[in-house]
Amino acid sequence: MTDFKELIANEIYDEALGLEIEEIKSMIERPADEAMGDYAFPCFRLAKALRKAPQQIAEDIAEAAYKSDIFEKVENVNAYVNFFIDRAVFAGDVVREISDKGSQYGRSDLGKDKMVLVEYSSPNIAKPFHIGHIRSTVIGNALYKLYDACGYDTLRINYLGDYGTQFGKMIVAYRKWGCEEELANEPIKALLGYYTRFHKEAEKDPSLEDEARETVARLERGAEEETELWKKFRELSLSEFNRVYAMLGIEFDSYKGESFYSDKMPRFLQELKDKGLLIESQGAQIVDLEDCGLGAAMITKSDGSSLYVTRDIAAAVYRKETYDFYKSIYVVASQQNLHFRQWKKVLELMGYEWEKDCIHVPFGLVSLSDGDDIKTMSTREGKVVFLEDVLNTAVSKTADIMREKKVEGVDIDEVSREVGIGAVIFQELSNNRIKDYVFSWDKVLNFDGETGPYVQYTHARASSVLRNADEADISAISGSGLSSGSIPNSASDSDSGSQAGFGANIDFSYLKGDSAYTLAKLLYRVPEVVVEAAEKYEPSMLTRHLVDIAQAFNKFYHDEHILVDDEKERRTKLALVAAARTVIANCLGLLGISAPERM
RNA sequence: GCGCGUGUAGCUCAGAGGAUAGAGUACUUCACUCCGAAUGAAGGGGCCGCGGGUUCAAUUCCCGCCACGCGCACCA
């Protein structure tokens with residue numbers, strides 16, 4: 001695909017300006033208002049060096065650049081040089097590229113031979129998979145897909161919370177009030193019940209806490225009975241989690257949880273000691289980070305048992321030694337910011353300079369509205385919304401809508417799943433990660449406006465248009481035969497509208513209308529948006545862009561009739577529809593959402 | 001108290017030095033004998049939290065304040 005910024009930078013370049021091509025390129029902007037052009041070059045900053053009025057500089061550049069045929073117009077407005085690309089050239093360039101690359105459009109090989117680890121979801125064993133877990137799960141999955149699309153080798157890690165004091169509590173509670181049958185039927189709900197009860201009873205009887213601590217100690221020593229129970233809890237929980245992952249279409253490459261690292265910690269305790277970082281404080285072992293304003297990182301408790309930071313250090317080193325990652329991404333709630341900063345600092349002090357490649361990707365809190373109160377979810381109090389319930393409700397609502405609309409030719413069961421679950425995922429990926437939000441059924445079940453179903457509907461609509469076209473049209477615009485290779489740099493074959501390689505029956509000047517052109521421009525930017533979303537760890541950038549594409553498509557659909565009588569016009573427009581459909585499907589895929597043909 | 005984050009339309013949120021600050025939603029209308037109305041169009045709605053500073057230019061960057069959220073040693 002043509003790099004139009006590069007072309008423009010070359011046009012602008014003049015020794016007298018004292019700017020390199022790259023500098024010019026980075027100064028080129030996209031005007032907020034399309035009426036002001038496709039690209040703009042502000043001249044204010046040049047005024048001092050050139051000792052000329054910015055207006056005049058812009059005027060001179062505009063005049064010189066207008067020589068090139070690729071522009072429809074170049075003009076100076078308020079010291080901006082505004083560039084208008086020849087629309088037929090531009091649209092042809094984009095449509096050809098998408099037709100060529102198909103499902104590969106948007107992908108790149110930026111990260112060739114580099115390994116990126118993404119740790120996400122990481123639920124606690126024996127606790128419910130609730131709506132709060134959706135964020136790490138869905139954001140992490142999208143990041144994995146984005147990095148994969150950028151050509152990186154990837155490893156998806158589910159760092160299960162399968163270790164720690166909670167298991168002492170759980171085991172104690174199970175022994176006291178547990179029931180085998182109950183556990184087999186609905187493991188997590190049963191375990192949650194025991195856990196909740198434990199905290200209630202422990203308020204009255206603090207000795208339960210001691211008992212839990214002793215139980216954990218026995219578990220750590222590998223006592224048989226405790227280990228059996230722990231294994232059982234872990235397996236039952238995992239099979240429930242997998243049910244939800246299957247619904248979401250999410251998989252992992254590694255399920256090594258905290259327990260995996262429990263025997264790998266002594267090495268680091270020794271190392272911390274050897275490096276003189278460990279000090280004793282109130283019976284516990286800590287690393288003093290007061291100087292960096294990070295307080296104290298606790299390494300071992302006063303009873304000698306290990307803590308989170310220690311395990312995370314062991315895990316990080318293990319991963320570095322095993323995978324030699326280029327980047328290791330941790331998709332974990334912003335509540336743990338301090339923990340991650342401490343952990344990175346300790347790694348740094350230990351001399352692992354690769355800690356800078358470990359990236360904490362935080363996200364905001366999900367809370368529940370309880371009347372007028374807003375509360376965080378509490379497993380202990382049993383106040384949670386189960387993710388599985390949310391997904392199921394979204395699916396059945398979708399099925400209702402489909403029956404109401406009498407959608408034909410589809411398996412309602414299958415499609416309602418794709419759309420309902422897609423709606424939940426899309427919602428989650430719509431806003432900046434860092435924002436907190438209050439869970440609301442109304443919001444998650446809204447399918448109008450900027451939602452997943454809206455985008456999927458747009459895809460289905462584009463598919464429908466293509467179905468309505470006849471076979472000759474489709475074969476004329478599909479396959480690699482579409483391509484003419486590189487875009488013409490001269491205007492020789494763009495003004496005439498006939499594009500070599502597309503056959504005589506395609507003429508991109510039919511895409512000069514505002515809505516078609518706006519759509520083409522948005523499709524053009526997808527590859528750069530994918531890279532940016534990956535680099536900023538912000539899937540919502542792609543989600544937003546996808547909504548823009550859907551809006552542009554729908555506007556195009558309303559503004560212009562596609563299946564017109566004129567063959568050339570019809571086929572050209574169909575080529576754009578096919579391109580849009582491809583891109584929408586690709587982008588939805590990167591977000592972990594499917595793109596049904598009908599809904 | 002200290003640290004981190006967030007404050008933009010009634011509500012939910014985009015925009016991150018530049019041109020007249022944008023979407024969705026809600027509300028009031030309009031458009032299906034026409035390629036899918038889960039759609040599109042029109043309208044009203046704004047001290048971009050407050051006060052300073054840097055700059056040719058600040059909603060955007062810096063400093064202070066206010067409000068809210070999160071975190072601050074034996075949970076993760």
# chains A, B, ... in the order shown; residues from 1 in each chain; ligands from 1
$ closest_atom_pairs --of "chain A" --to "chain B" --cutoff "8 Å" --atoms "only C-alpha atoms (C1' of nucleotides)" --output "tab-separated table"
residue	atom	partner	partner_atom	distance
A:Phe44	CA	B:C56	C1'	7.1
A:Asn78	CA	B:A19	C1'	7.5
A:Gly161	CA	B:A76	C1'	7.9
A:Thr165	CA	B:C75	C1'	7.5
A:Ala284	CA	B:C74	C1'	7.2
A:Gly293	CA	B:G3	C1'	7.7
A:Gly295	CA	B:C72	C1'	7.8
A:Ala296	CA	B:A73	C1'	7.0
A:Ala297	CA	B:A73	C1'	7.6
A:Met298	CA	B:A73	C1'	6.2
A:Thr300	CA	B:C74	C1'	7.7
A:Lys301	CA	B:C74	C1'	4.7
A:Ser302	CA	B:C74	C1'	6.4
A:Tyr308	CA	B:A76	C1'	6.6
A:Ser334	CA	B:C70	C1'	7.4
A:Gln335	CA	B:C70	C1'	5.6
A:Gln336	CA	B:G71	C1'	7.5
A:Asn337	CA	B:C4	C1'	7.4
A:Leu338	CA	B:G71	C1'	6.7
A:Asn431	CA	B:C13	C1'	7.0
A:Lys435	CA	B:U6	C1'	7.4
A:Asp436	CA	B:G69	C1'	7.9
A:Phe447	CA	B:A38	C1'	6.4
A:Asp448	CA	B:A38	C1'	6.1
A:Gly449	CA	B:G24	C1'	5.7
A:Glu450	CA	B:G24	C1'	5.8
A:Pro453	CA	B:A38	C1'	6.5
A:Tyr454	CA	B:A38	C1'	6.0
A:Tyr457	CA	B:A38	C1'	6.4
A:Arg461	CA	B:G36	C1'	5.7
A:Ser464	CA	B:G36	C1'	7.2
A:Val465	CA	B:C35	C1'	5.5
A:Asn468	CA	B:C35	C1'	7.2
A:Asn554	CA	B:U39	C1'	7.1
A:Lys555	CA	B:G40	C1'	6.6
A:His558	CA	B:G40	C1'	6.2
A:His561	CA	B:C35	C1'	7.0
A:Ile562	CA	B:C35	C1'	6.3
A:Leu563	CA	B:C35	C1'	5.9
$ write_last_selection --atoms "N, CA and C atoms" --output "JSON list (two decimals), in the first residue's frame"
[["chain", "number", "residue", "atom", "x", "y", "z"],
["A", 44, "PHE", "N", 3.87, 26.86, 11.24],
["A", 44, "PHE", "CA", 4.19, 27.84, 12.29],
["A", 44, "PHE", "C", 5.63, 27.74, 12.78],
["A", 78, "ASN", "N", -4.61, 29.34, 6.50],
["A", 78, "ASN", "CA", -4.12, 29.73, 7.83],
["A", 78, "ASN", "C", -2.78, 29.09, 8.19],
["A", 161, "GLY", "N", -4.24, -18.49, 40.35],
["A", 161, "GLY", "CA", -4.06, -18.27, 41.79],
["A", 161, "GLY", "C", -4.37, -19.55, 42.51],
["A", 165, "THR", "N", -2.82, -18.66, 51.45],
["A", 165, "THR", "CA", -3.61, -18.87, 52.66],
["A", 165, "THR", "C", -5.07, -19.23, 52.40],
["A", 284, "ALA", "N", 9.74, -10.16, 59.88],
["A", 284, "ALA", "CA", 9.58, -10.52, 58.47],
["A", 284, "ALA", "C", 10.83, -10.11, 57.69],
["A", 293, "GLY", "N", 10.52, 5.67, 47.35],
["A", 293, "GLY", "CA", 9.12, 6.01, 47.63],
["A", 293, "GLY", "C", 8.18, 4.85, 47.44],
["A", 295, "GLY", "N", 7.98, 2.23, 49.72],
["A", 295, "GLY", "CA", 7.76, 1.51, 50.97],
["A", 295, "GLY", "C", 8.64, 0.30, 51.12],
["A", 296, "ALA", "N", 8.07, -0.75, 51.67],
["A", 296, "ALA", "CA", 8.83, -1.97, 51.89],
["A", 296, "ALA", "C", 8.18, -3.11, 51.12],
["A", 297, "ALA", "N", 9.00, -3.89, 50.41],
["A", 297, "ALA", "CA", 8.49, -5.06, 49.72],
["A", 297, "ALA", "C", 8.70, -6.25, 50.61],
["A", 298, "MET", "N", 7.61, -6.88, 51.02],
["A", 298, "MET", "CA", 7.75, -8.01, 51.92],
["A", 298, "MET", "C", 8.04, -9.28, 51.16],
["A", 300, "THR", "N", 9.32, -12.46, 52.84],
["A", 300, "THR", "CA", 8.73, -13.57, 53.59],
["A", 300, "THR", "C", 8.05, -13.04, 54.85],
["A", 301, "LYS", "N", 6.99, -13.74, 55.23],
["A", 301, "LYS", "CA", 6.26, -13.36, 56.43],
["A", 301, "LYS", "C", 7.05, -13.76, 57.67],
["A", 302, "SER", "N", 6.57, -13.29, 58.81],
["A", 302, "SER", "CA", 7.31, -13.60, 60.05],
["A", 302, "SER", "C", 7.27, -15.09, 60.36],
["A", 308, "TYR", "N", 3.50, -13.12, 47.63],
["A", 308, "TYR", "CA", 3.26, -12.80, 46.24],
["A", 308, "TYR", "C", 4.50, -12.29, 45.48],
["A", 334, "SER", "N", -5.39, -2.35, 38.17],
["A", 334, "SER", "CA", -4.59, -1.20, 38.61],
["A", 334, "SER", "C", -4.44, -1.15, 40.13],
["A", 335, "GLN", "N", -5.29, -1.89, 40.83],
["A", 335, "GLN", "CA", -5.14, -1.95, 42.28],
["A", 335, "GLN", "C", -3.77, -2.49, 42.67],
["A", 336, "GLN", "N", -3.17, -3.22, 41.73],
["A", 336, "GLN", "CA", -1.88, -3.83, 42.06],
["A", 336, "GLN", "C", -0.69, -3.03, 41.54],
["A", 337, "ASN", "N", -0.94, -1.77, 41.21],
["A", 337, "ASN", "CA", 0.15, -0.92, 40.71],
["A", 337, "ASN", "C", 1.35, -0.92, 41.63],
["A", 338, "LEU", "N", 1.10, -0.72, 42.91],
["A", 338, "LEU", "CA", 2.21, -0.64, 43.86],
["A", 338, "LEU", "C", 2.99, -1.95, 43.89],
["A", 431, "ASN", "N", -13.81, 1.03, 25.95],
["A", 431, "ASN", "CA", -13.21, 2.19, 26.61],
["A", 431, "ASN", "C", -11.76, 1.96, 26.97],
["A", 435, "LYS", "N", -10.15, 3.09, 32.82],
["A", 435, "LYS", "CA", -11.39, 3.62, 33.40],
["A", 435, "LYS", "C", -12.07, 2.59, 34.30],
["A", 436, "ASP", "N", -12.52, 3.06, 35.43],
["A", 436, "ASP", "CA", -13.37, 2.24, 36.29],
["A", 436, "ASP", "C", -14.77, 2.22, 35.68],
["A", 447, "PHE", "N", -27.83, -3.28, 22.53],
["A", 447, "PHE", "CA", -27.25, -3.68, 21.24],
["A", 447, "PHE", "C", -27.39, -2.60, 20.18],
["A", 448, "ASP", "N", -27.72, -1.38, 20.60],
["A", 448, "ASP", "CA", -27.85, -0.29, 19.63],
["A", 448, "ASP", "C", -26.69, 0.67, 19.78],
["A", 449, "GLY", "N", -26.39, 1.38, 18.70],
["A", 449, "GLY", "CA", -25.32, 2.37, 18.77],
["A", 449, "GLY", "C", -23.96, 1.72, 18.70],
["A", 450, "GLU", "N", -23.00, 2.29, 19.40],
["A", 450, "GLU", "CA", -21.61, 1.81, 19.30],
["A", 450, "GLU", "C", -21.40, 0.51, 20.06],
["A", 453, "PRO", "N", -22.85, -5.81, 18.45],
["A", 453, "PRO", "CA", -23.87, -6.19, 17.46],
["A", 453, "PRO", "C", -23.99, -5.18, 16.31],
["A", 454, "TYR", "N", -23.79, -3.93, 16.59],
["A", 454, "TYR", "CA", -23.84, -2.92, 15.53],
["A", 454, "TYR", "C", -22.77, -3.20, 14.47],
["A", 457, "TYR", "N", -23.59, -6.44, 12.75],
["A", 457, "TYR", "CA", -24.71, -6.19, 11.85],
["A", 457, "TYR", "C", -24.21, -5.58, 10.54],
["A", 461, "ARG", "N", -24.61, -7.09, 6.93],
["A", 461, "ARG", "CA", -25.25, -6.30, 5.89],
["A", 461, "ARG", "C", -24.38, -6.26, 4.63],
["A", 464, "SER", "N", -24.61, -9.48, 2.99],
["A", 464, "SER", "CA", -25.88, -9.61, 2.30],
["A", 464, "SER", "C", -25.84, -8.95, 0.92],
["A", 465, "VAL", "N", -25.25, -7.78, 0.85],
["A", 465, "VAL", "CA", -25.13, -7.10, -0.44],
["A", 465, "VAL", "C", -24.34, -7.98, -1.42],
["A", 468, "ASN", "N", -26.29, -10.71, -2.78],
["A", 468, "ASN", "CA", -27.28, -10.28, -3.77],
["A", 468, "ASN", "C", -26.68, -9.98, -5.14],
["A", 554, "ASN", "N", -22.09, 2.23, 6.92],
["A", 554, "ASN", "CA", -23.54, 2.42, 6.94],
["A", 554, "ASN", "C", -23.95, 3.72, 6.27],
["A", 555, "LYS", "N", -23.11, 4.72, 6.42],
["A", 555, "LYS", "CA", -23.41, 5.99, 5.77],
["A", 555, "LYS", "C", -23.30, 5.83, 4.24],
["A", 558, "HIS", "N", -26.27, 4.07, 2.90],
["A", 558, "HIS", "CA", -27.46, 4.91, 2.78],
["A", 558, "HIS", "C", -27.33, 5.95, 1.69],
["A", 561, "HIS", "N", -26.55, 3.97, -3.78],
["A", 561, "HIS", "CA", -27.06, 2.65, -4.13],
["A", 561, "HIS", "C", -25.90, 1.85, -4.70],
["A", 562, "ILE", "N", -25.76, 0.61, -4.24],
["A", 562, "ILE", "CA", -24.61, -0.17, -4.65],
["A", 562, "ILE", "C", -24.91, -1.01, -5.89],
["A", 563, "LEU", "N", -26.00, -1.76, -5.83],
["A", 563, "LEU", "CA", -26.31, -2.67, -6.94],
["A", 563, "LEU", "C", -27.04, -1.92, -8.06]]
$ residues_around --residues "stretch 403-405 of chain A" --least-positions-apart "6" --cutoff "12 Å" --atoms "only C-alpha atoms (C1' of nucleotides)" --output "VMD selection string"
(chain A and resid 396 to 397 411 to 413 415 to 416 598 to 599) or (chain B and resid 36 to 38)
$ write_last_selection --atoms "N, CA and C atoms (P, O5', C5', C4', C3', O3' and C1' of nucleotides)" --output "PDB file, in the first residue's frame"
ATOM      1  N   SER A 396     -29.191 -15.287  25.301  1.00  0.00           N
ATOM      2  CA  SER A 396     -30.625 -15.548  25.168  1.00  0.00           C
ATOM      3  C   SER A 396     -31.372 -14.289  24.731  1.00  0.00           C
ATOM      4  N   LYS A 397     -30.861 -13.130  25.135  1.00  0.00           N
ATOM      5  CA  LYS A 397     -31.496 -11.908  24.642  1.00  0.00           C
ATOM      6  C   LYS A 397     -31.316 -11.791  23.128  1.00  0.00           C
ATOM      7  N   ASP A 411     -28.568 -20.678  11.940  1.00  0.00           N
ATOM      8  CA  ASP A 411     -28.725 -21.461  13.153  1.00  0.00           C
ATOM      9  C   ASP A 411     -28.763 -20.464  14.311  1.00  0.00           C
ATOM     10  N   ILE A 412     -29.969 -20.203  14.801  1.00  0.00           N
ATOM     11  CA  ILE A 412     -30.119 -19.170  15.829  1.00  0.00           C
ATOM     12  C   ILE A 412     -29.250 -19.461  17.041  1.00  0.00           C
ATOM     13  N   ASP A 413     -29.169 -20.733  17.370  1.00  0.00           N
ATOM     14  CA  ASP A 413     -28.391 -21.144  18.522  1.00  0.00           C
ATOM     15  C   ASP A 413     -26.934 -20.689  18.390  1.00  0.00           C
ATOM     16  N   VAL A 415     -25.569 -18.498  16.093  1.00  0.00           N
ATOM     17  CA  VAL A 415     -25.355 -17.072  15.845  1.00  0.00           C
ATOM     18  C   VAL A 415     -25.653 -16.222  17.084  1.00  0.00           C
ATOM     19  N   SER A 416     -26.660 -16.604  17.849  1.00  0.00           N
ATOM     20  CA  SER A 416     -26.965 -15.811  19.040  1.00  0.00           C
ATOM     21  C   SER A 416     -25.805 -15.881  20.033  1.00  0.00           C
ATOM     22  N   ARG A 598     -24.950 -13.730   8.662  1.00  0.00           N
ATOM     23  CA  ARG A 598     -26.340 -13.296   8.868  1.00  0.00           C
ATOM     24  C   ARG A 598     -26.613 -13.259  10.367  1.00  0.00           C
ATOM     25  N   MET A 599     -27.476 -12.371  10.760  1.00  0.00           N
ATOM     26  CA  MET A 599     -27.847 -12.320  12.176  1.00  0.00           C
ATOM     27  C   MET A 599     -29.234 -11.725  12.368  1.00  0.00           C
TER      28      MET A 599
ATOM     29  P     G B  36     -30.475  -6.628   1.431  1.00  0.00           P
ATOM     30  O5'   G B  36     -30.971  -5.542   2.487  1.00  0.00           O
ATOM     31  C5'   G B  36     -32.251  -5.195   2.800  1.00  0.00           C
ATOM     32  C4'   G B  36     -32.348  -5.085   4.311  1.00  0.00           C
ATOM     33  C3'   G B  36     -31.492  -3.992   4.915  1.00  0.00           C
ATOM     34  O3'   G B  36     -32.208  -3.401   5.991  1.00  0.00           O
ATOM     35  C1'   G B  36     -30.968  -6.043   5.921  1.00  0.00           C
ATOM     36  P     A B  37     -32.479  -1.816   6.000  1.00  0.00           P
ATOM     37  O5'   A B  37     -32.867  -1.487   7.509  1.00  0.00           O
ATOM     38  C5'   A B  37     -31.884  -1.512   8.538  1.00  0.00           C
ATOM     39  C4'   A B  37     -32.559  -1.281   9.877  1.00  0.00           C
ATOM     40  C3'   A B  37     -33.711  -2.238  10.142  1.00  0.00           C
ATOM     41  O3'   A B  37     -33.792  -2.512  11.528  1.00  0.00           O
ATOM     42  C1'   A B  37     -34.504  -0.022  10.157  1.00  0.00           C
ATOM     43  P     A B  38     -33.172  -3.856  12.132  1.00  0.00           P
ATOM     44  O5'   A B  38     -31.979  -3.286  12.995  1.00  0.00           O
ATOM     45  C5'   A B  38     -32.239  -2.343  14.033  1.00  0.00           C
ATOM     46  C4'   A B  38     -31.072  -2.349  15.000  1.00  0.00           C
ATOM     47  C3'   A B  38     -29.723  -2.121  14.332  1.00  0.00           C
ATOM     48  O3'   A B  38     -28.862  -1.434  15.213  1.00  0.00           O
ATOM     49  C1'   A B  38     -29.721  -4.222  15.362  1.00  0.00           C
TER      50        A B  38
END
$ residues_around --residues "A:Phe4" --least-positions-apart "2" --cutoff "12 Å" --atoms "only C-alpha atoms (C1' of nucleotides)" --output "PyMOL selection string"
chain A and resi 1-2+6-11+25+28-30+38-40+70-71+83-86+89-90+93-94+487+489+521+524-525
$ write_last_selection --atoms "N, CA and C atoms" --output "mmCIF file, in the first residue's frame"
data_model
loop_
_atom_site.group_PDB
_atom_site.id
_atom_site.type_symbol
_atom_site.label_atom_id
_atom_site.label_comp_id
_atom_site.auth_asym_id
_atom_site.auth_seq_id
_atom_site.Cartn_x
_atom_site.Cartn_y
_atom_site.Cartn_z
ATOM 1 N N MET A 1 0.856 -1.189 0.000
ATOM 2 C CA MET A 1 0.000 0.000 0.000
ATOM 3 C C MET A 1 0.893 1.239 0.000
ATOM 4 N N THR A 2 0.428 2.246 -0.627
ATOM 5 C CA THR A 2 1.240 3.456 -0.750
ATOM 6 C C THR A 2 1.296 4.231 0.554
ATOM 7 N N GLU A 6 4.676 9.668 3.166
ATOM 8 C CA GLU A 6 6.016 9.659 2.596
ATOM 9 C C GLU A 6 6.037 10.446 1.281
ATOM 10 N N LEU A 7 5.037 10.187 0.459
ATOM 11 C CA LEU A 7 4.937 10.901 -0.816
ATOM 12 C C LEU A 7 4.861 12.409 -0.579
ATOM 13 N N ILE A 8 4.045 12.773 0.386
ATOM 14 C CA ILE A 8 3.858 14.204 0.670
ATOM 15 C C ILE A 8 5.140 14.806 1.236
ATOM 16 N N ALA A 9 5.778 14.067 2.124
ATOM 17 C CA ALA A 9 7.028 14.560 2.707
ATOM 18 C C ALA A 9 8.046 14.826 1.599
ATOM 19 N N ASN A 10 8.086 13.936 0.632
ATOM 20 C CA ASN A 10 8.994 14.128 -0.493
ATOM 21 C C ASN A 10 8.643 15.362 -1.311
ATOM 22 N N GLU A 11 7.351 15.591 -1.442
ATOM 23 C CA GLU A 11 6.886 16.781 -2.151
ATOM 24 C C GLU A 11 7.334 18.050 -1.444
ATOM 25 N N LYS A 25 7.791 14.158 7.739
ATOM 26 C CA LYS A 25 6.766 13.116 7.833
ATOM 27 C C LYS A 25 6.081 13.142 9.199
ATOM 28 N N ILE A 28 3.497 15.899 9.640
ATOM 29 C CA ILE A 28 2.254 15.872 8.859
ATOM 30 C C ILE A 28 1.097 15.364 9.718
ATOM 31 N N GLU A 29 0.000 16.085 9.681
ATOM 32 C CA GLU A 29 -1.158 15.723 10.500
ATOM 33 C C GLU A 29 -2.350 15.354 9.635
ATOM 34 N N ARG A 30 -3.331 14.773 10.307
ATOM 35 C CA ARG A 30 -4.612 14.567 9.637
ATOM 36 C C ARG A 30 -5.557 15.640 10.153
ATOM 37 N N ASP A 38 -6.853 15.766 3.271
ATOM 38 C CA ASP A 38 -6.526 14.441 3.793
ATOM 39 C C ASP A 38 -5.320 14.511 4.719
ATOM 40 N N TYR A 39 -4.392 15.364 4.360
ATOM 41 C CA TYR A 39 -3.201 15.549 5.178
ATOM 42 C C TYR A 39 -2.918 17.042 5.270
ATOM 43 N N ALA A 40 -2.268 17.433 6.336
ATOM 44 C CA ALA A 40 -1.958 18.854 6.494
ATOM 45 C C ALA A 40 -0.562 19.018 7.065
ATOM 46 N N ILE A 70 -0.601 13.441 -8.095
ATOM 47 C CA ILE A 70 -1.319 12.605 -7.151
ATOM 48 C C ILE A 70 -2.320 13.414 -6.323
ATOM 49 N N PHE A 71 -2.164 14.723 -6.338
ATOM 50 C CA PHE A 71 -3.062 15.568 -5.564
ATOM 51 C C PHE A 71 -4.186 16.132 -6.418
ATOM 52 N N PHE A 83 -3.419 19.055 1.913
ATOM 53 C CA PHE A 83 -3.270 18.194 0.742
ATOM 54 C C PHE A 83 -4.529 17.374 0.522
ATOM 55 N N PHE A 84 -5.037 17.414 -0.683
ATOM 56 C CA PHE A 84 -6.172 16.576 -1.066
ATOM 57 C C PHE A 84 -5.655 15.547 -2.070
ATOM 58 N N ILE A 85 -5.677 14.267 -1.652
ATOM 59 C CA ILE A 85 -5.209 13.210 -2.551
ATOM 60 C C ILE A 85 -6.261 12.954 -3.616
ATOM 61 N N ASP A 86 -5.825 12.587 -4.786
ATOM 62 C CA ASP A 86 -6.757 12.166 -5.830
ATOM 63 C C ASP A 86 -7.554 10.974 -5.304
ATOM 64 N N VAL A 89 -7.334 7.501 -7.064
ATOM 65 C CA VAL A 89 -6.035 6.864 -6.845
ATOM 66 C C VAL A 89 -5.994 6.236 -5.461
ATOM 67 N N PHE A 90 -6.419 7.029 -4.491
ATOM 68 C CA PHE A 90 -6.371 6.558 -3.102
ATOM 69 C C PHE A 90 -7.271 5.339 -2.887
ATOM 70 N N ASP A 93 -5.970 2.230 -4.515
ATOM 71 C CA ASP A 93 -4.814 1.705 -3.794
ATOM 72 C C ASP A 93 -5.251 0.845 -2.610
ATOM 73 N N VAL A 94 -6.184 1.356 -1.833
ATOM 74 C CA VAL A 94 -6.642 0.652 -0.629
ATOM 75 C C VAL A 94 -7.417 -0.609 -0.991
ATOM 76 N N ILE A 487 0.768 1.044 -6.969
ATOM 77 C CA ILE A 487 -0.111 2.134 -7.337
ATOM 78 C C ILE A 487 0.587 3.032 -8.352
ATOM 79 N N ASN A 489 2.184 6.105 -9.891
ATOM 80 C CA ASN A 489 2.675 7.350 -9.321
ATOM 81 C C ASN A 489 2.383 8.536 -10.221
ATOM 82 N N LYS A 521 -10.597 5.761 3.473
ATOM 83 C CA LYS A 521 -9.526 6.298 4.327
ATOM 84 C C LYS A 521 -9.430 5.545 5.647
ATOM 85 N N TYR A 524 -7.820 2.229 5.114
ATOM 86 C CA TYR A 524 -6.388 2.432 4.881
ATOM 87 C C TYR A 524 -5.598 2.451 6.189
ATOM 88 N N ARG A 525 -6.198 3.049 7.193
ATOM 89 C CA ARG A 525 -5.455 3.246 8.446
ATOM 90 C C ARG A 525 -5.406 2.021 9.346
#
$ closest_residue --among "A:Leu183, A:Val526, A:Leu208, A:Leu269" --to "A:Ser237" --atoms "only C-alpha atoms"
A:Leu183
$ residues_around --residues "A:Arg197" --least-positions-apart "5" --cutoff "12 Å" --atoms "only C-alpha atoms (C1' of nucleotides)" --output "list of chain:residue names"
A:Lys169, A:Met170, A:Val172, A:Ala173, A:Tyr174, A:Lys176, A:Trp177, A:Gly178, A:Ala190, A:Leu191, A:Leu192, A:Ala202, A:Glu203, A:Lys204, A:Asp205, A:Leu208, A:Thr379, A:Arg380, A:Glu381, A:Gly382
$ write_last_selection --atoms "N, CA and C atoms" --output "short mmCIF file (atom, residue, chain, number, x, y, z; two decimals), in the first residue's frame"
data_model
loop_
_atom_site.label_atom_id
_atom_site.label_comp_id
_atom_site.auth_asym_id
_atom_site.auth_seq_id
_atom_site.Cartn_x
_atom_site.Cartn_y
_atom_site.Cartn_z
N LYS A 169 -7.90 -21.85 54.37
CA LYS A 169 -9.27 -21.54 54.78
C LYS A 169 -10.26 -22.49 54.12
N MET A 170 -10.04 -22.67 52.83
CA MET A 170 -10.94 -23.52 52.05
C MET A 170 -10.94 -24.95 52.56
N VAL A 172 -10.00 -26.06 55.55
CA VAL A 172 -10.61 -26.10 56.89
C VAL A 172 -12.13 -26.07 56.78
N ALA A 173 -12.63 -25.14 55.94
CA ALA A 173 -14.07 -24.99 55.80
C ALA A 173 -14.69 -26.26 55.21
N TYR A 174 -14.02 -26.83 54.22
CA TYR A 174 -14.55 -28.02 53.58
C TYR A 174 -14.64 -29.18 54.56
N LYS A 176 -15.00 -28.97 57.71
CA LYS A 176 -16.01 -28.73 58.75
C LYS A 176 -17.43 -28.81 58.20
N TRP A 177 -17.66 -28.19 57.03
CA TRP A 177 -19.04 -28.09 56.55
C TRP A 177 -19.26 -28.64 55.15
N GLY A 178 -18.21 -29.20 54.59
CA GLY A 178 -18.28 -29.61 53.19
C GLY A 178 -19.14 -30.83 52.93
N ALA A 190 -20.23 -24.19 45.56
CA ALA A 190 -20.08 -24.87 46.84
C ALA A 190 -18.86 -24.34 47.59
N LEU A 191 -17.74 -24.27 46.89
CA LEU A 191 -16.50 -23.81 47.53
C LEU A 191 -16.65 -22.36 48.01
N LEU A 192 -17.31 -21.56 47.19
CA LEU A 192 -17.53 -20.17 47.58
C LEU A 192 -18.35 -20.12 48.86
N ALA A 202 -15.21 -17.18 61.39
CA ALA A 202 -13.92 -16.76 61.94
C ALA A 202 -14.04 -15.47 62.73
N GLU A 203 -15.05 -14.69 62.43
CA GLU A 203 -15.27 -13.46 63.21
C GLU A 203 -15.61 -13.81 64.65
N LYS A 204 -16.39 -14.88 64.79
CA LYS A 204 -16.77 -15.31 66.13
C LYS A 204 -15.67 -16.12 66.79
N ASP A 205 -14.98 -16.88 65.97
CA ASP A 205 -14.00 -17.82 66.50
C ASP A 205 -12.65 -17.67 65.78
N LEU A 208 -10.06 -20.26 64.11
CA LEU A 208 -10.16 -20.82 62.77
C LEU A 208 -9.03 -20.31 61.88
N THR A 379 -15.88 -11.48 47.09
CA THR A 379 -16.06 -12.92 47.13
C THR A 379 -16.44 -13.37 48.52
N ARG A 380 -15.82 -12.73 49.50
CA ARG A 380 -16.07 -13.13 50.88
C ARG A 380 -17.53 -12.99 51.26
N GLU A 381 -18.14 -11.87 50.82
CA GLU A 381 -19.53 -11.66 51.17
C GLU A 381 -20.47 -12.36 50.19
N GLY A 382 -19.88 -13.01 49.19
CA GLY A 382 -20.70 -13.70 48.21
C GLY A 382 -21.43 -12.74 47.30
#
